[in-house]
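S.K.: What follows is a structure written as structure tokens; I'll ask about it next.
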Amino acid sequence: MTMAALEPPTDFHHVTVMRDEAIAALAPRAGGLYLDVTAGGGGHTEAILQANAGARVIAFDRDPTAIQAATRRLSGFGDRVDVVRACFSEVEAELAARDITLVDGVIADLGVSSPQLDAAERGMSFRKEGPLDMRMDPTQGETALELIERVSQDELADIIYQLGEERRSRRVARCVKQAAEAGELSTTSDLRRAIVRATGPRRVGGIDPATRTFQALRLAVNRELDELAQLLEAAHRVLRPGGVAVFISFHSLEDRLVKRAFQNAELWERVTRKPLVASETEQNDNPRSRSAKLRAARRAVPGPTPEPTWEEFDRDLA
């Protein structure tokens, strides 16, 4: 199991979302090689390895604390698993470095993880005061504060509107830039105060007024949609014909990219005609799963191949 020098151990407790549905779609086989491109705490990788004693997994993550947590959790599986620090756009290069051309399945549990949100020092959430960082890999790239200071007010408004779907983006950007120029913007609490000055404190539809702007900045800092687009392109190249890709998304921007990619019938045969959602039991046990949508597709096999029926998929889940 390989891993680079990492930060000191931290608590990284993450509940695996839609574990059973993901494994039913992947259907791990003996001798199969699978990619978990969002290792997190190692839950989906563990599920694949437990589902078939002959399966192997390469687990990727850009977050050094996630790499460390997954490495600890998966240590009992020995050489059946390799944990690698890399982002989506680096997956193909990492496979090439290992002389691997094709794999049997890919799983991606997109977005930010609970441990990342809960760690104040990561600056991902306005619920805990911390520095305006928001990087999934805190060892490289610009922070949210550096991004805010670098871009113009109009550019910031575009980021907030396009990635946060915030209709009041112009007012928010103006207040945020004013706070930065006045030296009043260094923490997540500072950012929320600047946002509320533009939007007012009222929650709309149960959503805090800062939610959309925080999402937009996080997506921009980590280039999450660009990385996802590159992963979707890579997935059909690295999957052998008949191999399955499973994507779990948590907001409409991610889900839209996955849906559009899987609509390419020359490359993909959809396993799920509509996105699956977490069971009522899982949603009650893990509120984070309430917004999860799972889409799965099989790499198209040359020649006519019948699309799997709902009855087949439901039987696998049973």
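Each chain in the structure tokens gets a letter, A, B and so on, in the order shown; residues start at 1 in every chain, and ligands are counted from 1 in the order they appear.
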For the structure I just gave you, how does DSSP split range 89-170 of chain A - specifically, which residues are helix (DSSP H, G or I)? Reply as a ChimeraX atom specification.

M.R.: /A:89-97,114-118,120-122,144-150,153-164,169-170

S.K.: Distance table requested - range 218-245 of chain A against range 58-82 of chain A, cut-off 12 Å, only C-alpha atoms: one row per qualifying residue with the closest atom pair and its distance in Å to one decimal, ordered by chain and rising residue number, as a tab-separated table.

M.R.:
```
residue	atom	partner	partner_atom	distance
A:Asn222	CA	A:Arg62	CA	10.1
A:Glu224	CA	A:Arg62	CA	11.5
A:Glu227	CA	A:Arg62	CA	11.3
```

S.K.: Could you dump the residues just selected with N, CA, C and O atoms as a CSV table (one decimal), in the first residue's frame?

M.R.:
```
chain,number,residue,atom,x,y,z
A,222,ASN,N,-11.3,24.3,-5.5
A,222,ASN,CA,-10.9,23.0,-5.8
A,222,ASN,C,-11.1,22.5,-7.3
A,222,ASN,O,-10.8,21.4,-7.6
A,224,GLU,N,-13.7,21.7,-8.8
A,224,GLU,CA,-14.3,20.4,-8.7
A,224,GLU,C,-15.1,20.0,-10.0
A,224,GLU,O,-15.1,18.8,-10.4
A,227,GLU,N,-12.5,19.0,-12.6
A,227,GLU,CA,-12.0,17.7,-12.3
A,227,GLU,C,-13.0,16.6,-12.6
A,227,GLU,O,-12.6,15.6,-13.1
```

S.K.: Please identify which residues in range 142-290 of chain A DSSP calls strand (DSSP E or B) from the backbone, and express them as a VMD selection string.

M.R.: chain A and resid 187 204 207 239 to 249 268 to 270 276

S.K.: Skipping near chain neighbours, those fewer than 2 positions away, what residues fall within 9 Å of range 100-105 of chain A using only C-alpha atoms, listed as a ChimeraX atom specification?

M.R.: /A:26-29,32-36,92,94-98,107,235,237-246,298

S.K.: Using only C-alpha atoms, determine which residues lie at most 10 Å from Ile248 in chain A, disregarding the query and same-chain residues fewer than 5 positions distant; provide the list as a PyMOL selection string.

M.R.: chain A and resi 17-18+22+107-111+254-255+258+275-277+289+291-296

S.K.: Show me, as number ranges by chain, the residues that have an atom within 12 Å of Gly123 in chain A when counting only C-alpha atoms, minus same-chain residues fewer than 6 positions from it.

M.R.: A: 112, 115-117, 129-136, 138, 143-145, 186-192, 214-215, 217-218, 221

S.K.: Enter the distance from CA of Val196 in chain A to CA of Ala179 in chain A, in Å, rounded to one decimal.

M.R.: 11.9 Å
